[in-house]
Amino acid sequence: SKKPVIAIDGPSGSGKSTVSKTLATALESAYLDTGSMYRAATYAVIQAGVDTSDADQVVKTATGADLKFGTKPEDPFTVVGGEDASAAIRSEEVTAAVSAVASQPAVRENLIKMQRGIIAKAKSGIVVEGRDIAEVVAPDADLKVYLTADPAERARRRAAETDGDESSTQASIDKRDKADSKTTRPLEAPEGSHVIDSTELPIVEVVAKILALLNNRN
Ligand code: C5P
C-alpha cells in the first residue's frame with residue numbers, strides 16, 4: 001500500500017522537529033525539515049557576502065545555490081556548495097536573516113519545487129515539517145498536524161536547546177514569528193489539520209497521538 005505523506009506545521013519551539021524525526025523513525029519513513037532548506041539558502045546568501053536587504057542578489061544567490069538535504073531521520077544533513085552546513089545553518093546569524101530570505105517569492109517557489117520533488121520520490125512515506133506544508137507544499141498529504149505550545153513553554157524549550165536565557169529567546173522567537181507571519185501563518189492552524197497542543201505533553205505522547213490519528217483515518 002502507499003506509504004503516507006504526513007504534514008507537520010507549527011511555530012518554533014512547538015516541538016515539531018523532535019516529534020517529526022521520532023515519528024519518521026517509528027514509521028521507517030523519510031523525513032524532511034523544510035526550515036533547514038530556508039536556512040541553507042540563507043547560509044548561501046551570507047557566505048556569498050550578499051546584503052540580505054538586496055532582493056535581486058538574494059534571489060539570484062539563493063536560487064542558484066547547490067543545496068543537498070539528507071532525508072533519513074537519524075541523519076538529516078544539509079550540504080551547501082559541497083560543504084556540510086548542518087551545524088552552520090543553526091547559527092544566530094542565519095536565524096536572524098532567514099525570515100528575510102524566506103519572504104522572497106522566487107526563493108520560496110524554488111524550494112517548494114524541490115520539496116515536492118523529494119516528497120514525490122519518497123517511496124517509504126515521508127514526514128514533512130514546516131510552516132506552509134499542509135496548505136501549500138503538500139495539500140494532498142494523508143495526515144495534517146498543527147503542533148503548538150504556549151509561548152512561554154516554546155521559549156523555555158528553545159532556550160534549553162540553544163543554551164540561551166528564556167527572556168531573550170522569547171524576544172527572538174516573537175520577532176521571527178512576527179516576520180514570518182508576513183509570508184506564512186506559523187501561529188494559525190491550517191484548515192483540515194489536527195491541532196495538538198504539546199505544552200504539557202511529552203514527545204512520546206505527541207507521537208502516540210499522531211500514530212493514533214494515522215491508524216484511525218478513513
Ligand atoms: O523551522 P525553522 O526555525 O528551522 O525555520 C527557519 C525559518 O525558515 C522560519 O523562521 C521561516 O522564515 C522559514 N520557513 C518557511 N517555510 C517553511 C519552513 C521554514 O518560511 N516551510
# chains A, B, ... in the order shown; residues from 1 in each chain; ligands from 1
$ residues_around --residues "stretch 45-57 of chain A" --least-positions-apart "3" --cutoff "8 Å" --atoms "only C-alpha atoms" --output "list in words"
Ala41, Thr42, Lys60, Thr61, Ala62, Val94, Ala97, Ala100, Val101 and Gln104 of chain A
$ residues_around --residues "A:Gly82" --least-positions-apart "4" --cutoff "12 Å" --atoms "only C-alpha atoms" --output "NGL selection string"
:A and (40 or 44 or 65-69 or 77-78 or 86)
$ write_last_selection --atoms "N, CA, C and O atoms" --output "PDB file, in the first residue's frame"
ATOM      1  N   ALA A  40      19.475  26.873   4.722  1.00  0.00           N
ATOM      2  CA  ALA A  40      20.575  26.593   3.797  1.00  0.00           C
ATOM      3  C   ALA A  40      20.677  27.696   2.743  1.00  0.00           C
ATOM      4  O   ALA A  40      21.767  28.164   2.414  1.00  0.00           O
ATOM      5  N   ALA A  44      23.840  30.271   2.208  1.00  0.00           N
ATOM      6  CA  ALA A  44      24.493  30.508   0.913  1.00  0.00           C
ATOM      7  C   ALA A  44      24.583  32.007   0.628  1.00  0.00           C
ATOM      8  O   ALA A  44      25.599  32.504   0.134  1.00  0.00           O
ATOM      9  N   ALA A  65      22.088  28.433  -5.600  1.00  0.00           N
ATOM     10  CA  ALA A  65      22.949  27.672  -4.682  1.00  0.00           C
ATOM     11  C   ALA A  65      22.805  26.168  -4.894  1.00  0.00           C
ATOM     12  O   ALA A  65      21.738  25.680  -5.261  1.00  0.00           O
ATOM     13  N   ASP A  66      23.921  25.454  -4.665  1.00  0.00           N
ATOM     14  CA  ASP A  66      23.935  23.998  -4.778  1.00  0.00           C
ATOM     15  C   ASP A  66      23.603  23.430  -3.389  1.00  0.00           C
ATOM     16  O   ASP A  66      24.442  23.444  -2.491  1.00  0.00           O
ATOM     17  N   LEU A  67      22.355  22.981  -3.219  1.00  0.00           N
ATOM     18  CA  LEU A  67      21.893  22.521  -1.904  1.00  0.00           C
ATOM     19  C   LEU A  67      21.535  21.042  -1.933  1.00  0.00           C
ATOM     20  O   LEU A  67      20.917  20.568  -2.890  1.00  0.00           O
ATOM     21  N   LYS A  68      21.938  20.331  -0.873  1.00  0.00           N
ATOM     22  CA  LYS A  68      21.556  18.915  -0.756  1.00  0.00           C
ATOM     23  C   LYS A  68      21.090  18.625   0.666  1.00  0.00           C
ATOM     24  O   LYS A  68      21.658  19.162   1.622  1.00  0.00           O
ATOM     25  N   PHE A  69      20.051  17.791   0.764  1.00  0.00           N
ATOM     26  CA  PHE A  69      19.477  17.502   2.081  1.00  0.00           C
ATOM     27  C   PHE A  69      19.334  16.011   2.307  1.00  0.00           C
ATOM     28  O   PHE A  69      18.831  15.287   1.434  1.00  0.00           O
ATOM     29  N   PHE A  77      21.198  15.637   7.256  1.00  0.00           N
ATOM     30  CA  PHE A  77      22.276  16.594   6.982  1.00  0.00           C
ATOM     31  C   PHE A  77      21.884  17.658   5.942  1.00  0.00           C
ATOM     32  O   PHE A  77      20.936  17.484   5.170  1.00  0.00           O
ATOM     33  N   THR A  78      22.627  18.755   5.969  1.00  0.00           N
ATOM     34  CA  THR A  78      22.452  19.836   4.997  1.00  0.00           C
ATOM     35  C   THR A  78      23.801  20.145   4.371  1.00  0.00           C
ATOM     36  O   THR A  78      24.778  20.373   5.095  1.00  0.00           O
ATOM     37  N   SER A  86      25.374  21.478   8.213  1.00  0.00           N
ATOM     38  CA  SER A  86      24.346  21.050   9.175  1.00  0.00           C
ATOM     39  C   SER A  86      24.376  21.861  10.470  1.00  0.00           C
ATOM     40  O   SER A  86      23.329  22.175  11.035  1.00  0.00           O
TER      41      SER A  86
END
$ select_by_dssp --residues "stretch 20-215 of chain A" --states "alpha helix (DSSP H)" --output "ChimeraX atom specification"
/A:20-27,34-47,55-64,92-102,105-121,151-162,166-180,203-215
$ residues_near_ligand --ligand "ligand 1" --cutoff "6 Å" --atoms "only C-alpha atoms and all ligand atoms" --output "PyMOL selection string"
chain A and resi 12+34-36+38-39+98-99+102+130-132+176+180
$ write_last_selection --atoms "N, CA, C and O atoms" --output "CSV table (one decimal), in the first residue's frame"
chain,number,residue,atom,x,y,z
A,12,SER,N,8.2,27.9,15.9
A,12,SER,CA,9.4,27.4,16.5
A,12,SER,C,9.2,27.1,18.0
A,12,SER,O,8.4,27.8,18.7
A,34,THR,N,11.8,21.3,6.2
A,34,THR,CA,11.8,22.4,5.2
A,34,THR,C,12.5,23.7,5.8
A,34,THR,O,13.0,24.5,5.0
A,35,GLY,N,12.5,23.9,7.1
A,35,GLY,CA,13.1,25.0,7.7
A,35,GLY,C,14.6,25.0,7.4
A,35,GLY,O,15.3,26.0,7.2
A,36,SER,N,15.2,23.8,7.4
A,36,SER,CA,16.7,23.7,7.1
A,36,SER,C,16.9,24.1,5.7
A,36,SER,O,18.0,24.6,5.4
A,38,TYR,N,15.3,26.6,4.0
A,38,TYR,CA,15.4,28.1,4.0
A,38,TYR,C,16.6,28.6,4.7
A,38,TYR,O,17.2,29.6,4.3
A,39,ARG,N,17.0,27.8,5.8
A,39,ARG,CA,18.3,28.1,6.5
A,39,ARG,C,19.5,28.0,5.5
A,39,ARG,O,20.4,28.8,5.5
A,98,VAL,N,17.1,34.5,8.3
A,98,VAL,CA,16.3,33.6,7.5
A,98,VAL,C,14.9,34.1,7.1
A,98,VAL,O,14.4,33.8,5.9
A,99,SER,N,14.2,34.9,7.9
A,99,SER,CA,12.9,35.3,7.6
A,99,SER,C,12.9,36.2,6.4
A,99,SER,O,12.0,36.1,5.5
A,102,ALA,N,13.4,34.0,3.3
A,102,ALA,CA,12.2,33.2,3.1
A,102,ALA,C,11.0,34.0,2.6
A,102,ALA,O,10.1,33.4,2.1
A,130,GLY,N,7.3,22.0,8.7
A,130,GLY,CA,7.5,23.4,8.3
A,130,GLY,C,6.4,24.3,8.7
A,130,GLY,O,5.8,24.2,9.8
A,131,ARG,N,6.1,25.3,7.9
A,131,ARG,CA,5.0,26.3,8.2
A,131,ARG,C,3.9,26.4,7.2
A,131,ARG,O,2.9,27.0,7.5
A,132,ASP,N,4.2,25.9,6.0
A,132,ASP,CA,3.2,26.0,4.9
A,132,ASP,C,3.0,24.7,4.2
A,132,ASP,O,2.6,24.6,3.1
A,176,ARG,N,10.8,36.6,15.2
A,176,ARG,CA,10.8,35.8,14.0
A,176,ARG,C,9.4,35.4,13.6
A,176,ARG,O,9.0,35.4,12.4
A,180,ASP,N,7.8,36.2,10.1
A,180,ASP,CA,7.3,35.0,9.3
A,180,ASP,C,5.9,35.2,9.0
A,180,ASP,O,5.4,34.6,7.9
$ atom_distance --atom1 "atom CA of A:Glu191" --atom2 "atom CA of A:Ala134"
8.1 Å
$ closest_residue --among "A:Pro139, A:Gly15, A:Pro4, A:Pro151" --to "A:Leu27" --atoms "only C-alpha atoms"
A:Pro4
$ atom_distance --atom1 "atom CA of A:Glu205" --atom2 "atom CA of A:Ala122"
26.0 Å
$ residues_around --residues "A:Lys123" --least-positions-apart "3" --cutoff "8 Å" --atoms "only C-alpha atoms" --output "number ranges by chain"
A: 2-3, 120
$ atom_distance --atom1 "atom CA of A:Ala30" --atom2 "atom CA of A:Asp75"
10.5 Å
$ closest_residue --among "A:Ala179, A:Ile173, A:Val204, A:Ile196" --to "A:Gly13" --atoms "only C-alpha atoms"
A:Ile173
$ residues_around --residues "A:Gly192" --least-positions-apart "2" --cutoff "12 Å" --atoms "only C-alpha atoms" --output "PyMOL selection string"
chain A and resi 7+9+133-135+139-146+188-190+194-195
$ write_last_selection --atoms "C-alpha atoms" --output "mmCIF file, in the first residue's frame"
data_model
loop_
_atom_site.group_PDB
_atom_site.id
_atom_site.type_symbol
_atom_site.label_atom_id
_atom_site.label_comp_id
_atom_site.auth_asym_id
_atom_site.auth_seq_id
_atom_site.Cartn_x
_atom_site.Cartn_y
_atom_site.Cartn_z
ATOM 1 C CA ALA A 7 2.490 17.255 7.123
ATOM 2 C CA ASP A 9 3.193 22.562 10.716
ATOM 3 C CA ILE A 133 3.227 22.279 4.384
ATOM 4 C CA ALA A 134 -0.485 21.437 4.732
ATOM 5 C CA GLU A 135 -1.663 24.435 2.716
ATOM 6 C CA PRO A 139 -2.122 19.907 0.210
ATOM 7 C CA ASP A 140 -2.768 16.224 -0.631
ATOM 8 C CA ALA A 141 -0.937 14.952 2.465
ATOM 9 C CA ASP A 142 -2.506 11.867 4.052
ATOM 10 C CA LEU A 143 -2.426 13.427 7.506
ATOM 11 C CA LYS A 144 -2.033 17.054 8.563
ATOM 12 C CA VAL A 145 -0.993 18.048 12.058
ATOM 13 C CA TYR A 146 -0.596 21.526 13.540
ATOM 14 C CA GLU A 188 -2.577 29.621 12.851
ATOM 15 C CA ALA A 189 -3.735 26.046 12.355
ATOM 16 C CA PRO A 190 -4.189 25.253 8.633
ATOM 17 C CA HIS A 194 -5.415 18.156 13.604
ATOM 18 C CA VAL A 195 -4.308 20.555 16.323
#
$ decode --residues "stretch 36-50 of chain A" --atoms "all heavy atoms" --output "PDB file, in the first residue's frame"
ATOM      1  N   SER A  36      15.220  23.764   7.403  1.00  0.00           N
ATOM      2  CA  SER A  36      16.651  23.653   7.119  1.00  0.00           C
ATOM      3  C   SER A  36      16.942  24.093   5.679  1.00  0.00           C
ATOM      4  O   SER A  36      18.039  24.573   5.378  1.00  0.00           O
ATOM      5  CB  SER A  36      17.164  22.228   7.373  1.00  0.00           C
ATOM      6  OG  SER A  36      16.721  21.352   6.367  1.00  0.00           O
ATOM      7  N   MET A  37      15.949  23.974   4.803  1.00  0.00           N
ATOM      8  CA  MET A  37      16.151  24.391   3.408  1.00  0.00           C
ATOM      9  C   MET A  37      16.203  25.916   3.301  1.00  0.00           C
ATOM     10  O   MET A  37      17.040  26.471   2.579  1.00  0.00           O
ATOM     11  CB  MET A  37      15.041  23.810   2.526  1.00  0.00           C
ATOM     12  CG  MET A  37      15.041  22.276   2.581  1.00  0.00           C
ATOM     13  SD  MET A  37      13.654  21.489   1.731  1.00  0.00           S
ATOM     14  CE  MET A  37      14.161  21.624   0.027  1.00  0.00           C
ATOM     15  N   TYR A  38      15.308  26.610   4.033  1.00  0.00           N
ATOM     16  CA  TYR A  38      15.354  28.077   4.048  1.00  0.00           C
ATOM     17  C   TYR A  38      16.632  28.553   4.736  1.00  0.00           C
ATOM     18  O   TYR A  38      17.239  29.559   4.344  1.00  0.00           O
ATOM     19  CB  TYR A  38      14.094  28.653   4.715  1.00  0.00           C
ATOM     20  CG  TYR A  38      12.883  28.459   3.830  1.00  0.00           C
ATOM     21  CD1 TYR A  38      12.044  27.350   3.987  1.00  0.00           C
ATOM     22  CD2 TYR A  38      12.615  29.346   2.788  1.00  0.00           C
ATOM     23  CE1 TYR A  38      10.962  27.146   3.142  1.00  0.00           C
ATOM     24  CE2 TYR A  38      11.540  29.148   1.937  1.00  0.00           C
ATOM     25  CZ  TYR A  38      10.720  28.052   2.118  1.00  0.00           C
ATOM     26  OH  TYR A  38       9.659  27.841   1.267  1.00  0.00           O
ATOM     27  N   ARG A  39      17.046  27.808   5.768  1.00  0.00           N
ATOM     28  CA  ARG A  39      18.302  28.148   6.451  1.00  0.00           C
ATOM     29  C   ARG A  39      19.499  27.950   5.516  1.00  0.00           C
ATOM     30  O   ARG A  39      20.432  28.750   5.506  1.00  0.00           O
ATOM     31  CB  ARG A  39      18.463  27.278   7.711  1.00  0.00           C
ATOM     32  CG  ARG A  39      17.506  27.665   8.831  1.00  0.00           C
ATOM     33  CD  ARG A  39      17.580  26.685   9.995  1.00  0.00           C
ATOM     34  NE  ARG A  39      16.706  27.088  11.071  1.00  0.00           N
ATOM     35  CZ  ARG A  39      17.056  27.955  12.035  1.00  0.00           C
ATOM     36  NH1 ARG A  39      18.283  28.454  12.051  1.00  0.00           N
ATOM     37  NH2 ARG A  39      16.196  28.300  12.963  1.00  0.00           N
ATOM     38  N   ALA A  40      19.475  26.873   4.722  1.00  0.00           N
ATOM     39  CA  ALA A  40      20.575  26.593   3.797  1.00  0.00           C
ATOM     40  C   ALA A  40      20.677  27.696   2.743  1.00  0.00           C
ATOM     41  O   ALA A  40      21.767  28.164   2.414  1.00  0.00           O
ATOM     42  CB  ALA A  40      20.366  25.232   3.136  1.00  0.00           C
ATOM     43  N   ALA A  41      19.528  28.112   2.218  1.00  0.00           N
ATOM     44  CA  ALA A  41      19.522  29.192   1.223  1.00  0.00           C
ATOM     45  C   ALA A  41      20.078  30.471   1.847  1.00  0.00           C
ATOM     46  O   ALA A  41      20.835  31.219   1.206  1.00  0.00           O
ATOM     47  CB  ALA A  41      18.094  29.408   0.716  1.00  0.00           C
ATOM     48  N   THR A  42      19.725  30.712   3.102  1.00  0.00           N
ATOM     49  CA  THR A  42      20.202  31.901   3.818  1.00  0.00           C
ATOM     50  C   THR A  42      21.706  31.828   4.059  1.00  0.00           C
ATOM     51  O   THR A  42      22.424  32.821   3.901  1.00  0.00           O
ATOM     52  CB  THR A  42      19.453  32.030   5.169  1.00  0.00           C
ATOM     53  OG1 THR A  42      18.052  32.062   4.901  1.00  0.00           O
ATOM     54  CG2 THR A  42      19.879  33.276   5.927  1.00  0.00           C
ATOM     55  N   TYR A  43      22.166  30.639   4.408  1.00  0.00           N
ATOM     56  CA  TYR A  43      23.608  30.438   4.623  1.00  0.00           C
ATOM     57  C   TYR A  43      24.384  30.724   3.329  1.00  0.00           C
ATOM     58  O   TYR A  43      25.427  31.376   3.348  1.00  0.00           O
ATOM     59  CB  TYR A  43      23.852  29.007   5.110  1.00  0.00           C
ATOM     60  CG  TYR A  43      25.292  28.686   5.377  1.00  0.00           C
ATOM     61  CD1 TYR A  43      25.971  29.273   6.455  1.00  0.00           C
ATOM     62  CD2 TYR A  43      25.995  27.794   4.574  1.00  0.00           C
ATOM     63  CE1 TYR A  43      27.299  28.976   6.703  1.00  0.00           C
ATOM     64  CE2 TYR A  43      27.326  27.493   4.815  1.00  0.00           C
ATOM     65  CZ  TYR A  43      27.972  28.091   5.876  1.00  0.00           C
ATOM     66  OH  TYR A  43      29.290  27.811   6.120  1.00  0.00           O
ATOM     67  N   ALA A  44      23.840  30.271   2.208  1.00  0.00           N
ATOM     68  CA  ALA A  44      24.493  30.508   0.913  1.00  0.00           C
ATOM     69  C   ALA A  44      24.583  32.007   0.628  1.00  0.00           C
ATOM     70  O   ALA A  44      25.599  32.504   0.134  1.00  0.00           O
ATOM     71  CB  ALA A  44      23.726  29.800  -0.205  1.00  0.00           C
ATOM     72  N   VAL A  45      23.527  32.738   0.958  1.00  0.00           N
ATOM     73  CA  VAL A  45      23.484  34.196   0.756  1.00  0.00           C
ATOM     74  C   VAL A  45      24.544  34.882   1.623  1.00  0.00           C
ATOM     75  O   VAL A  45      25.290  35.754   1.155  1.00  0.00           O
ATOM     76  CB  VAL A  45      22.062  34.728   1.075  1.00  0.00           C
ATOM     77  CG1 VAL A  45      22.049  36.246   1.207  1.00  0.00           C
ATOM     78  CG2 VAL A  45      21.073  34.267  -0.003  1.00  0.00           C
ATOM     79  N   ILE A  46      24.638  34.461   2.879  1.00  0.00           N
ATOM     80  CA  ILE A  46      25.616  35.044   3.806  1.00  0.00           C
ATOM     81  C   ILE A  46      27.044  34.719   3.345  1.00  0.00           C
ATOM     82  O   ILE A  46      27.912  35.593   3.312  1.00  0.00           O
ATOM     83  CB  ILE A  46      25.372  34.544   5.249  1.00  0.00           C
ATOM     84  CG1 ILE A  46      24.057  35.122   5.790  1.00  0.00           C
ATOM     85  CG2 ILE A  46      26.546  34.912   6.164  1.00  0.00           C
ATOM     86  CD1 ILE A  46      23.585  34.513   7.104  1.00  0.00           C
ATOM     87  N   GLN A  47      27.260  33.464   2.957  1.00  0.00           N
ATOM     88  CA  GLN A  47      28.594  33.025   2.500  1.00  0.00           C
ATOM     89  C   GLN A  47      29.053  33.813   1.277  1.00  0.00           C
ATOM     90  O   GLN A  47      30.231  34.070   1.101  1.00  0.00           O
ATOM     91  CB  GLN A  47      28.584  31.532   2.147  1.00  0.00           C
ATOM     92  CG  GLN A  47      28.554  30.604   3.323  1.00  0.00           C
ATOM     93  CD  GLN A  47      29.812  30.682   4.158  1.00  0.00           C
ATOM     94  OE1 GLN A  47      29.860  31.429   5.133  1.00  0.00           O
ATOM     95  NE2 GLN A  47      30.847  29.950   3.784  1.00  0.00           N
ATOM     96  N   ALA A  48      28.067  34.194   0.432  1.00  0.00           N
ATOM     97  CA  ALA A  48      28.398  34.940  -0.786  1.00  0.00           C
ATOM     98  C   ALA A  48      28.628  36.427  -0.500  1.00  0.00           C
ATOM     99  O   ALA A  48      28.936  37.206  -1.403  1.00  0.00           O
ATOM    100  CB  ALA A  48      27.289  34.751  -1.814  1.00  0.00           C
ATOM    101  N   GLY A  49      28.419  36.830   0.761  1.00  0.00           N
ATOM    102  CA  GLY A  49      28.626  38.228   1.132  1.00  0.00           C
ATOM    103  C   GLY A  49      27.522  39.151   0.641  1.00  0.00           C
ATOM    104  O   GLY A  49      27.702  40.369   0.565  1.00  0.00           O
ATOM    105  N   VAL A  50      26.367  38.564   0.311  1.00  0.00           N
ATOM    106  CA  VAL A  50      25.245  39.364  -0.195  1.00  0.00           C
ATOM    107  C   VAL A  50      24.500  40.025   0.969  1.00  0.00           C
ATOM    108  O   VAL A  50      24.271  39.412   2.010  1.00  0.00           O
ATOM    109  CB  VAL A  50      24.277  38.460  -1.007  1.00  0.00           C
ATOM    110  CG1 VAL A  50      22.968  39.169  -1.295  1.00  0.00           C
ATOM    111  CG2 VAL A  50      24.950  37.997  -2.294  1.00  0.00           C
TER     112      VAL A  50
END
